[in-house]
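As provided, data-v4.cif (mmCIF, C-alpha atoms) reads as follows.
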```cif
data_input
#
loop_
_atom_site.label_atom_id
_atom_site.label_comp_id
_atom_site.auth_asym_id
_atom_site.auth_seq_id
_atom_site.Cartn_x
_atom_site.Cartn_y
_atom_site.Cartn_z
CA MET A 29 -30.36 26.67 13.44
CA LYS A 30 -28.06 29.57 14.17
CA LEU A 31 -28.45 32.95 12.52
CA LEU A 32 -25.02 32.39 10.95
CA THR A 33 -26.48 29.51 8.97
CA HIS A 34 -29.51 31.61 8.06
CA ASN A 35 -27.06 34.25 6.84
CA VAL A 36 -25.41 31.88 4.35
CA LEU A 37 -28.48 29.97 3.12
CA SER A 38 -30.08 30.87 -0.18
CA SER A 39 -32.85 29.38 -2.29
CA LYS A 40 -31.29 30.00 -5.68
CA CYS A 41 -31.45 26.31 -6.56
CA LEU A 42 -35.20 26.76 -7.06
CA LYS A 43 -36.48 27.14 -10.59
CA GLY A 44 -37.01 30.78 -11.61
CA VAL A 45 -35.21 32.19 -8.56
CA SER A 46 -32.18 34.31 -9.40
CA VAL A 47 -30.89 35.57 -6.03
CA GLY A 48 -33.02 33.83 -3.41
CA TYR A 49 -31.42 35.80 -0.62
CA PRO A 50 -31.98 36.62 2.21
CA LEU A 51 -34.59 34.05 3.19
CA ARG A 52 -37.39 35.46 5.33
CA LEU A 53 -37.22 33.98 8.79
CA ASN A 54 -40.37 33.07 10.72
CA ALA A 55 -39.50 31.62 14.09
CA THR A 56 -42.04 30.00 16.41
CA ASP A 57 -39.59 28.64 18.95
CA ILE A 58 -36.24 30.23 19.82
CA LYS A 59 -33.67 29.05 22.31
CA VAL A 60 -30.57 30.87 23.52
CA VAL A 61 -27.58 28.58 23.99
CA ASP A 62 -24.07 29.14 25.31
CA VAL A 63 -21.31 28.95 22.74
CA ASP A 64 -17.65 29.57 23.59
CA TYR A 65 -16.67 33.04 22.49
CA ASN A 66 -14.00 33.04 19.80
CA SER A 67 -13.10 36.60 18.86
CA GLU A 68 -10.87 35.51 15.97
CA PHE A 69 -13.62 33.57 14.25
CA VAL A 70 -16.19 36.34 14.71
CA SER A 71 -13.88 39.01 13.34
CA ARG A 72 -12.97 36.76 10.39
CA MET A 73 -16.65 36.20 9.62
CA ILE A 74 -17.77 39.84 9.78
CA PRO A 75 -16.46 40.80 6.31
CA LYS A 76 -17.90 37.56 4.92
CA ILE A 77 -21.44 37.74 6.23
CA ASN A 78 -24.16 39.98 4.92
CA TYR A 79 -24.44 42.28 7.90
CA SER A 80 -27.70 43.97 6.98
CA ALA A 81 -29.34 40.56 6.45
CA LEU A 82 -28.13 39.51 9.89
CA TYR A 83 -29.44 42.72 11.45
CA ASP A 84 -32.85 42.36 9.77
CA ALA A 85 -33.14 38.70 10.75
CA ALA A 86 -32.23 39.41 14.38
CA GLN A 87 -34.68 42.31 14.47
CA SER A 88 -37.50 40.24 12.95
CA ILE A 89 -37.26 37.65 15.71
CA GLY A 90 -36.68 40.22 18.46
CA HIS A 91 -33.18 39.13 19.46
CA LEU A 92 -31.13 42.19 18.58
CA ASN A 93 -29.56 42.44 22.06
CA GLY A 94 -27.96 45.79 21.33
CA LEU A 95 -26.54 44.90 17.91
CA PRO A 96 -25.70 48.14 16.03
CA ASP A 97 -27.31 48.57 12.61
CA ALA A 98 -23.97 48.77 10.79
CA VAL A 99 -20.49 47.34 11.19
CA VAL A 100 -18.33 49.65 13.32
CA ASP A 101 -15.05 50.79 11.77
CA ASP A 102 -12.74 49.26 14.35
CA PHE A 103 -14.63 45.94 14.54
CA GLU A 104 -11.48 43.84 14.91
CA SER A 105 -10.56 45.46 18.22
CA ASN A 106 -14.00 46.47 19.48
CA GLU A 107 -14.66 43.72 22.00
CA ASP A 108 -18.21 44.86 22.85
CA PHE A 109 -19.22 44.81 19.20
CA LEU A 110 -17.65 41.39 18.58
CA LYS A 111 -19.45 39.98 21.61
CA ALA A 112 -22.78 41.36 20.40
CA VAL A 113 -22.21 39.82 16.95
CA HIS A 114 -21.09 36.55 18.53
CA HIS A 115 -24.30 36.37 20.53
CA VAL A 116 -26.57 37.01 17.55
CA LEU A 117 -24.58 34.84 15.12
CA LEU A 118 -23.97 31.77 17.23
CA GLU A 119 -26.02 31.78 20.41
CA VAL A 120 -29.53 32.49 19.13
CA ASP A 121 -30.87 29.12 18.00
CA ILE A 122 -34.09 28.77 16.00
CA VAL A 123 -35.73 25.50 17.04
CA SER A 124 -38.82 25.63 14.87
CA GLY A 125 -40.38 27.86 12.29
CA ASP A 126 -39.74 28.28 8.60
CA LEU A 127 -37.61 29.98 5.99
CA GLU A 128 -39.37 31.65 3.10
CA CYS A 129 -37.92 32.27 -0.33
CA PRO A 130 -38.17 36.05 -1.01
CA GLU A 131 -38.95 35.51 -4.70
CA SER A 132 -41.16 32.45 -4.98
CA GLY A 133 -42.61 32.37 -1.47
CA ARG A 134 -41.67 28.69 -1.15
CA LYS A 135 -41.39 27.75 2.52
CA PHE A 136 -38.69 25.55 4.01
CA PRO A 137 -39.80 24.23 7.39
CA ILE A 138 -37.45 24.13 10.39
CA THR A 139 -38.03 21.25 12.78
CA ARG A 140 -35.89 20.38 15.81
CA GLY A 141 -33.52 23.12 14.67
CA ILE A 142 -32.95 21.48 11.27
CA PRO A 143 -34.10 23.37 8.17
CA ASN A 144 -35.48 21.09 5.47
CA MET A 145 -34.01 22.32 2.17
CA LEU A 146 -35.23 19.35 0.09
CA VAL A 147 -37.11 20.38 -3.04
CA ASN A 148 -39.30 18.45 -5.45
CA GLU A 149 -38.12 17.47 -8.90
CA ASN A 150 -40.34 20.04 -10.62
CA GLU A 151 -38.94 22.89 -8.51
CA VAL A 152 -35.29 22.28 -9.34
CA ASN A 153 -33.42 24.73 -11.48
CA GLU A 154 -32.34 22.99 -14.71
CA ILE A 155 -28.66 23.36 -15.38
CA ASN A 156 -27.04 24.32 -18.59
CA GLY A 157 -24.10 21.94 -18.83
CA SER A 158 -22.44 23.29 -21.94
CA ASN A 159 -21.11 26.62 -20.72
CA GLY A 160 -20.50 25.59 -17.14
CA TYR A 161 -22.66 28.30 -15.66
CA ASN A 162 -25.64 27.82 -13.46
CA ASN A 163 -28.56 30.03 -14.38
CA MET B 2 -13.41 -12.19 -1.45
CA THR B 3 -16.94 -12.45 -0.18
CA SER B 4 -19.30 -10.24 -2.03
CA VAL B 5 -20.73 -7.79 0.46
CA ARG B 6 -23.41 -5.84 -1.31
CA ARG B 7 -22.85 -2.15 -1.44
CA PRO B 8 -25.35 -0.06 0.55
CA GLU B 9 -25.92 2.17 -2.49
CA HIS B 10 -27.44 -0.85 -4.25
CA LEU B 11 -29.90 -1.61 -1.48
CA ALA B 12 -31.91 1.59 -1.14
CA PRO B 13 -31.69 5.37 -1.56
CA PRO B 14 -29.68 7.04 1.22
CA GLU B 15 -32.69 8.62 2.92
CA VAL B 16 -34.21 5.14 3.21
CA PHE B 17 -31.06 3.13 3.92
CA TYR B 18 -29.95 5.32 6.82
CA ASN B 19 -33.02 4.66 8.93
CA ASP B 20 -33.21 4.69 12.72
CA THR B 21 -31.47 1.31 13.15
CA GLU B 22 -28.66 2.13 10.74
CA ALA B 23 -28.28 5.61 12.24
CA LYS B 24 -27.98 4.17 15.74
CA LYS B 25 -24.88 2.23 14.66
CA TYR B 26 -23.16 5.52 14.01
CA SER B 27 -23.50 6.58 17.63
CA GLN B 28 -22.92 3.20 19.31
CA ASN B 29 -20.63 1.02 17.21
CA SER B 30 -17.12 1.97 18.35
CA ARG B 31 -15.51 0.47 15.24
CA ILE B 32 -17.62 2.54 12.85
CA ILE B 33 -16.92 5.62 14.96
CA GLU B 34 -13.17 4.99 14.96
CA ILE B 35 -12.97 4.46 11.20
CA GLN B 36 -15.09 7.53 10.48
CA GLU B 37 -12.89 9.64 12.73
CA GLN B 38 -9.67 8.40 11.17
CA MET B 39 -10.95 9.17 7.69
CA SER B 40 -12.15 12.61 8.81
CA GLU B 41 -8.73 13.40 10.28
CA ARG B 42 -7.01 12.39 7.05
CA ALA B 43 -9.52 14.40 5.00
CA LEU B 44 -8.89 17.43 7.18
CA GLU B 45 -5.15 16.98 6.72
CA LEU B 46 -5.62 16.94 2.94
CA LEU B 47 -7.80 20.05 3.20
CA THR B 48 -4.76 22.09 4.38
CA LEU B 49 -6.73 24.84 6.09
CA PRO B 50 -4.67 27.79 7.35
CA GLU B 51 -3.11 26.82 10.66
CA ASP B 52 -4.27 28.24 13.99
CA GLU B 53 -7.19 29.97 12.40
CA PRO B 54 -10.79 29.00 13.10
CA CYS B 55 -12.39 28.27 9.72
CA TYR B 56 -15.91 27.85 8.49
CA VAL B 57 -16.23 24.39 6.93
CA LEU B 58 -19.01 22.61 5.08
CA ASP B 59 -19.53 18.92 5.88
CA ILE B 60 -21.41 17.15 3.08
CA GLY B 61 -23.13 13.97 4.18
CA CYS B 62 -22.40 14.82 7.81
CA GLY B 63 -24.64 12.02 9.11
CA SER B 64 -24.49 11.78 12.88
CA GLY B 65 -21.77 14.41 13.02
CA LEU B 66 -18.74 12.16 13.61
CA SER B 67 -16.66 14.08 11.10
CA GLY B 68 -17.95 17.28 12.69
CA SER B 69 -16.48 16.27 16.06
CA VAL B 70 -13.06 16.11 14.41
CA LEU B 71 -13.62 19.62 13.05
CA ASP B 72 -14.64 20.79 16.53
CA GLU B 73 -11.47 19.37 18.05
CA GLN B 74 -9.39 21.45 15.66
CA GLY B 75 -11.36 24.57 16.57
CA HIS B 76 -13.29 24.98 13.34
CA PHE B 77 -16.93 25.92 12.92
CA TRP B 78 -19.00 23.81 10.56
CA VAL B 79 -22.34 23.32 8.86
CA GLY B 80 -23.48 19.81 7.95
CA VAL B 81 -25.78 18.74 5.14
CA ASP B 82 -27.34 15.28 4.99
CA ILE B 83 -30.32 13.68 3.25
CA SER B 84 -31.18 11.26 6.06
CA SER B 85 -33.33 12.81 8.76
CA ALA B 86 -32.73 9.78 11.00
CA MET B 87 -28.99 10.44 10.93
CA LEU B 88 -29.54 14.15 11.60
CA ASP B 89 -31.73 13.25 14.57
CA VAL B 90 -28.88 11.20 16.01
CA ALA B 91 -26.57 14.16 15.44
CA GLN B 92 -29.03 16.45 17.22
CA ASP B 93 -29.25 14.01 20.15
CA ARG B 94 -25.45 13.99 20.39
CA GLU B 95 -25.64 17.80 20.66
CA VAL B 96 -23.01 18.45 18.02
CA GLU B 97 -21.58 21.95 17.78
CA GLY B 98 -22.31 22.57 14.11
CA ASP B 99 -25.57 23.45 12.48
CA LEU B 100 -27.45 20.80 10.52
CA ILE B 101 -29.39 21.06 7.27
CA LEU B 102 -31.58 18.45 5.62
CA GLY B 103 -30.70 18.54 1.93
CA ASP B 104 -29.83 16.51 -1.15
CA MET B 105 -26.32 16.94 -2.64
CA GLY B 106 -27.67 16.32 -6.12
CA GLU B 107 -30.01 19.30 -5.89
CA GLY B 108 -27.09 21.63 -5.34
CA MET B 109 -25.68 23.34 -2.29
CA PRO B 110 -28.06 26.09 -1.10
CA PHE B 111 -25.45 28.61 0.02
CA ARG B 112 -24.27 32.10 -0.84
CA ALA B 113 -21.17 32.43 -2.98
CA GLY B 114 -17.78 32.32 -1.25
CA THR B 115 -19.11 31.28 2.16
CA PHE B 116 -16.90 28.39 3.18
CA ASP B 117 -13.14 28.07 3.72
CA GLY B 118 -13.31 24.40 2.81
CA ALA B 119 -15.54 21.36 2.48
CA ILE B 120 -15.15 17.76 3.58
CA SER B 121 -17.27 14.72 2.88
CA ILE B 122 -16.83 11.22 4.27
CA SER B 123 -18.31 8.25 2.38
CA ALA B 124 -21.07 10.18 0.67
CA LEU B 125 -20.03 10.91 -2.91
CA GLN B 126 -20.62 7.37 -4.24
CA TRP B 127 -24.34 7.75 -3.47
CA LEU B 128 -24.57 10.40 -6.18
CA CYS B 129 -23.63 7.89 -8.87
CA ASN B 130 -26.92 6.06 -8.43
CA ALA B 131 -30.26 7.00 -9.91
CA ASP B 132 -32.68 6.29 -7.07
CA LYS B 133 -35.62 8.07 -8.60
CA THR B 134 -36.87 8.07 -12.17
CA HIS B 135 -35.98 11.71 -12.69
CA HIS B 136 -32.44 11.24 -11.36
CA ASN B 137 -29.62 11.60 -13.82
CA PRO B 138 -26.28 10.89 -12.10
CA VAL B 139 -24.22 12.95 -14.55
CA LYS B 140 -26.44 16.02 -14.17
CA ARG B 141 -26.69 15.60 -10.41
CA LEU B 142 -22.91 15.35 -10.06
CA TYR B 143 -22.41 18.42 -12.23
CA LYS B 144 -25.03 20.40 -10.35
CA PHE B 145 -23.47 19.41 -7.04
CA PHE B 146 -19.91 20.29 -8.05
CA SER B 147 -20.82 23.59 -9.73
CA THR B 148 -22.84 24.85 -6.76
CA LEU B 149 -20.13 23.64 -4.37
CA ASN B 150 -17.50 25.50 -6.37
CA ALA B 151 -19.57 28.67 -6.04
CA CYS B 152 -19.98 28.46 -2.27
CA LEU B 153 -16.27 27.91 -1.54
CA SER B 154 -13.87 30.82 -1.01
CA ARG B 155 -11.29 31.43 -3.73
CA THR B 156 -8.55 29.39 -2.07
CA GLY B 157 -10.90 26.80 -0.62
CA ARG B 158 -10.50 23.10 -1.16
CA ALA B 159 -12.95 20.23 -0.98
CA VAL B 160 -11.87 16.74 0.09
CA PHE B 161 -14.12 13.73 -0.42
CA GLN B 162 -13.42 10.29 0.96
CA PHE B 163 -15.48 7.90 -1.17
CA TYR B 164 -15.87 4.28 -2.19
CA PRO B 165 -15.90 4.07 -5.98
CA GLU B 166 -17.42 0.92 -7.39
CA ASN B 167 -15.16 0.75 -10.44
CA SER B 168 -12.77 2.86 -12.45
CA ASN B 169 -15.59 4.25 -14.59
CA GLN B 170 -17.13 5.81 -11.51
CA VAL B 171 -13.85 7.53 -10.63
CA GLU B 172 -13.69 8.81 -14.19
CA LEU B 173 -17.32 10.03 -14.11
CA ILE B 174 -16.88 11.87 -10.83
CA THR B 175 -13.57 13.53 -11.67
CA SER B 176 -14.69 14.58 -15.15
CA GLN B 177 -17.81 16.28 -13.77
CA ALA B 178 -15.74 18.01 -11.06
CA MET B 179 -13.29 19.34 -13.66
CA LYS B 180 -16.18 20.48 -15.85
CA ALA B 181 -17.55 22.42 -12.90
CA GLY B 182 -14.27 24.35 -12.71
CA PHE B 183 -12.32 22.45 -10.06
CA TYR B 184 -8.68 21.40 -10.26
CA GLY B 185 -7.22 18.36 -8.57
CA GLY B 186 -7.66 14.63 -8.63
CA VAL B 187 -7.80 11.40 -6.68
CA VAL B 188 -5.32 10.49 -3.94
CA VAL B 189 -5.25 6.78 -3.07
CA ASP B 190 -3.94 5.91 0.40
CA TYR B 191 -2.43 2.43 0.88
CA PRO B 192 -3.12 1.38 -2.72
CA ASN B 193 -1.61 -2.07 -2.19
CA SER B 194 -3.84 -3.03 0.69
CA THR B 195 -7.37 -4.26 0.12
CA LYS B 196 -8.69 -3.13 3.48
CA ALA B 197 -6.76 0.02 4.26
CA LYS B 198 -7.06 1.38 0.72
CA LYS B 199 -8.91 4.68 0.75
CA PHE B 200 -9.86 7.01 -2.06
CA PHE B 201 -9.76 10.76 -1.52
CA LEU B 202 -10.91 13.18 -4.18
CA VAL B 203 -9.05 16.45 -3.59
CA LEU B 204 -10.57 19.44 -5.39
CA MET B 205 -9.02 22.89 -5.53
CA THR B 206 -10.61 26.15 -6.60
CA GLY B 207 -7.80 28.62 -7.14
CA GLY B 208 -5.60 27.17 -9.88
CA ASN B 209 -3.85 23.86 -10.25
CA MET B 210 -1.48 22.78 -7.51
CA PRO B 211 0.37 19.52 -7.01
CA LEU B 212 -1.74 16.84 -5.36
CA PRO B 213 -0.79 15.84 -1.83
CA LYS B 214 1.18 12.62 -1.49
CA ALA B 215 -0.76 9.46 -0.71
CA LEU B 216 0.06 7.39 2.36
CA GLY B 217 1.63 3.93 2.15
CA THR B 218 2.84 4.18 -1.42
CA ASP B 219 6.62 3.93 -0.80
CA GLY B 220 7.42 5.93 -3.87
CA GLU B 221 5.39 3.72 -6.16
CA SER B 222 2.91 5.33 -8.45
CA SER B 223 -0.53 5.21 -6.93
CA SER B 224 -2.34 5.54 -10.21
CA VAL B 225 -1.72 1.97 -11.36
CA ALA B 226 -2.80 0.41 -8.11
CA TYR B 227 -6.41 0.37 -9.11
CA SER B 228 -7.21 -3.09 -10.45
CA LYS B 229 -10.20 -4.35 -12.35
CA LYS B 230 -10.15 -7.64 -10.47
CA ARG B 231 -13.31 -6.89 -8.56
CA GLU B 232 -15.24 -6.11 -11.69
CA LEU B 233 -14.12 -9.34 -13.36
CA ASP B 234 -15.10 -11.39 -10.33
CA ARG B 235 -18.52 -9.92 -10.52
CA ALA B 236 -18.88 -10.51 -14.24
CA ARG B 237 -18.44 -14.24 -13.67
CA GLY B 238 -20.98 -14.17 -10.86
CA SER B 239 -24.70 -14.54 -10.82
CA LYS B 240 -25.45 -11.70 -13.18
CA GLY B 241 -23.04 -12.24 -16.07
CA LYS B 242 -23.07 -14.71 -18.94
CA SER B 243 -21.62 -18.20 -18.50
CA LEU B 244 -18.43 -19.30 -20.15
CA LYS B 245 -18.95 -19.98 -23.87
CA ASN B 246 -19.53 -23.62 -24.95
CA SER B 247 -19.98 -24.78 -21.36
CA ARG B 248 -23.04 -26.85 -20.42
CA GLU B 249 -24.60 -23.82 -18.64
CA TRP B 250 -24.12 -21.73 -21.74
CA ILE B 251 -25.80 -24.34 -23.95
CA LEU B 252 -28.71 -24.73 -21.54
CA GLU B 253 -29.19 -20.96 -21.45
CA LYS B 254 -29.13 -20.80 -25.23
CA LYS B 255 -31.68 -23.62 -25.56
CA GLU B 256 -33.91 -21.96 -23.01
CA ARG B 257 -33.74 -18.73 -24.99
CA ARG B 258 -34.72 -20.54 -28.20
CA ARG B 259 -37.62 -22.19 -26.41
CA ARG B 260 -38.87 -18.82 -25.25
CA GLN B 261 -38.71 -17.63 -28.83
CA GLY B 262 -40.95 -20.55 -29.75
CA ARG B 263 -38.34 -22.28 -31.90
CA ASN B 264 -37.93 -26.02 -32.28
CA THR B 265 -35.48 -27.15 -29.59
CA ARG B 266 -34.46 -30.63 -28.45
CA ALA B 267 -35.23 -31.53 -24.84
CA ASP B 268 -32.48 -31.19 -22.20
CA THR B 269 -31.00 -34.59 -21.30
CA LYS B 270 -27.95 -35.84 -19.44
CA TYR B 271 -26.17 -35.84 -22.81
CA THR B 272 -26.69 -32.12 -23.38
CA GLY B 273 -23.36 -30.33 -23.63
CA ARG B 274 -21.28 -33.48 -23.28
CA LYS B 275 -18.18 -34.03 -25.35
CA ARG B 276 -18.29 -36.81 -27.99
CA SER B 277 -16.32 -39.86 -27.02
CA GLY B 278 -13.12 -40.64 -28.89
CA ARG B 279 -14.79 -43.17 -31.28
CA PHE B 280 -16.03 -40.42 -33.60
#
```

File written out as structure tokens:
Amino acid sequence: MKLLTHNVLSSKCLKGVSVGYPLRLNATDIKVVDVDYNSEFVSRMIPKINYSALYDAAQSIGHLNGLPDAVVDDFESNEDFLKAVHHVLLEVDIVSGDLECPESGRKFPITRGIPNMLVNENEVNEINGSNGYNN
Amino acid sequence: MTSVRRPEHLAPPEVFYNDTEAKKYSQNSRIIEIQEQMSERALELLTLPEDEPCYVLDIGCGSGLSGSVLDEQGHFWVGVDISSAMLDVAQDREVEGDLILGDMGEGMPFRAGTFDGAISISALQWLCNADKTHHNPVKRLYKFFSTLNACLSRTGRAVFQFYPENSNQVELITSQAMKAGFYGGVVVDYPNSTKAKKFFLVLMTGGNMPLPKALGTDGESSSVAYSKKRELDRARGSKGKSLKNSREWILEKKERRRRQGRNTRADTKYTGRKRSGRF
């Protein structure tokens, strides 16, 4: 699982969890893979991702690799910064470990790089169908 | 038409797509070809901005065949599937996208506004079945669509290729999608062909726009092409009642009366026969 996926996952479908983000990352096995660098995609994703969550996650598993703690102003043209983000977002691969919901402490195991987000029937957030909102 | 039983009726998806079934999706060239063609068409209907690498969600990604099509077009993707056997095959194929084990009916576990689009090939019909006692298809569909709506960007679309069992299923799925705030509808490609006919549910987030044109319609309206023939065939089959006043119908009725403990004449060769002309 890439840190990009960690950055977009949330556990808000659990009962009694309102934000469920960011999930705490505990990694026991990490692999660094080579992914083709695509500056356009990285610069498109930077405004979308939660940068501080990415920074914290990378720091917690010790794979910062010189990532600055905040987005630089000229990120679209700053090649060094984009490459650093690219490495952390796409090349750091968590093979095993778990994700932990920050509110309920529920753990989602990661095996063979695949997080298991299945929940039991009694953990699912009941939906309110009448107003069309999920709460 | 021979009645091939639908996989949804055999077992829940996480059981049906076991190691043997999953293997077909990496070895059977026909399955691979069909899956890729449908993925290409779904991607075409998705109308992502051109020449821009997008972040796409693949629901029911399976062994990642649809993901390969996304890779070819330079997009990045995340796949969700409920079958761990299928995901293992995907992992062995070393697909580019990330994989998540999850159930569509429990909602999509993503932050709001994450994806530029979503595609799904032959997965949606599984949601119409209640495989566990606590499953309620209507609620599961609504939960799925409302959480999907939240995790798409404001101009994002979702395209589902699916195999509806009957017109009620199409109605159920579209009504829940609309209730969850989507616009759009069903596009039927090649409506006049039994084999090439494909259903695509095209959902839009940012306001109503005209639906894309279906393939192979030649200007005819695609909405009437859906026939109830298949349902009727089935009604006459093993499950349904026999034709009224036929011998089978009489025998069934007598059997029912016997079970109720009522006085019933024995079945003979004369049962259900017409009287001869002498009467």

Which distance in Å separates CA of Leu127 in chain A and CA of Leu53 in chain A, to one decimal?
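Spanning CA of Leu127 in chain A to CA of Leu53 in chain A is a straight-line distance of 4.9 Å.
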
Among B:Thr218, B:Phe200, B:Cys152, B:Arg112, Leu51 in chain A is approached most closely, using only C-alpha atoms, by B:Arg112

Written as an mmCIF file with C-alpha atoms, in the frame of the given file, what is the full residue list that the PyMOL selection byres ((chain B) within 7 of (chain A)) yields on the file shown?
```
data_model
loop_
_atom_site.group_PDB
_atom_site.id
_atom_site.type_symbol
_atom_site.label_atom_id
_atom_site.label_comp_id
_atom_site.auth_asym_id
_atom_site.auth_seq_id
_atom_site.Cartn_x
_atom_site.Cartn_y
_atom_site.Cartn_z
ATOM 1 C CA PRO B 54 -10.790 29.000 13.100
ATOM 2 C CA ASP B 99 -25.570 23.450 12.480
ATOM 3 C CA LEU B 100 -27.450 20.800 10.520
ATOM 4 C CA ILE B 101 -29.390 21.060 7.270
ATOM 5 C CA LEU B 102 -31.580 18.450 5.620
ATOM 6 C CA GLY B 103 -30.700 18.540 1.930
ATOM 7 C CA ASP B 104 -29.830 16.510 -1.150
ATOM 8 C CA GLU B 107 -30.010 19.300 -5.890
ATOM 9 C CA GLY B 108 -27.090 21.630 -5.340
ATOM 10 C CA PRO B 110 -28.060 26.090 -1.100
ATOM 11 C CA PHE B 111 -25.450 28.610 0.020
ATOM 12 C CA ARG B 112 -24.270 32.100 -0.840
ATOM 13 C CA THR B 115 -19.110 31.280 2.160
ATOM 14 C CA LYS B 144 -25.030 20.400 -10.350
ATOM 15 C CA LYS B 180 -16.180 20.480 -15.850
ATOM 16 C CA ALA B 181 -17.550 22.420 -12.900
#
```

Could you give me, as a PyMOL selection string, the residues within 10 Å of Glu22 in chain B, counting only C-alpha atoms and dropping anything in the same chain fewer than 5 positions from it?
chain B and resi 16-17+27+86-87

Using CA of Arg42 in chain B and CA of Ala119 in chain B as the two end points, give the distance in Å to one decimal.
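For CA of Arg42 in chain B relative to CA of Ala119 in chain B, the distance reads 13.2 Å.
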
Evaluate the PyMOL selection byres ((chain B and resi 155-159) around 9) here and jot the selected residues down as a PyMOL selection string.
chain B and resi 46-49+58+114+116-121+149-150+153-154+160-161+202-208

For Lys133 in chain B, please output as JSON, numbers by chain all residues within 12 Å (counting all atoms listed in the file; exclusion window: fewer than 5 positions along the same chain).
{"A": [148, 149], "B": [12, 13, 14, 15, 106, 128, 138, 141]}

Evaluate the PyMOL selection byres ((chain A and resi 60) around 6) here and jot the selected residues down as a list in words.
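Selection result, ordered by chain and number: Lys59, Val61, Glu119, Val120 and Asp121 of chain A.
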
Please measure the separation of CA of Pro75 in chain A and CA of Asp52 in chain B, giving the value in Å to one decimal.
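Separation of CA of Pro75 in chain A and CA of Asp52 in chain B: 19.1 Å.
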
What's around Lys198 in chain B at 10 Å? Count all atoms listed in the file, leave out sequence neighbours fewer than 4 positions away in its own chain, and write the answer as a tab-separated table (two decimals) with C-alpha atoms, in the frame of the given file.
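Saved the output as out_15.tsv:
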```tsv
chain	number	residue	atom	x	y	z
B	164	TYR	CA	-15.87	4.28	-2.19
B	189	VAL	CA	-5.25	6.78	-3.07
B	190	ASP	CA	-3.94	5.91	0.40
B	191	TYR	CA	-2.43	2.43	0.88
B	192	PRO	CA	-3.12	1.38	-2.72
B	193	ASN	CA	-1.61	-2.07	-2.19
B	194	SER	CA	-3.84	-3.03	0.69
B	216	LEU	CA	0.06	7.39	2.36
B	217	GLY	CA	1.63	3.93	2.15
B	226	ALA	CA	-2.80	0.41	-8.11
B	227	TYR	CA	-6.41	0.37	-9.11
```

Residue with smallest distance to Val123 in chain A - pool B:Gln92, B:Ser123, B:Ser147, B:Ser168, counting all atoms listed in the file
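Closest candidate: B:Gln92.
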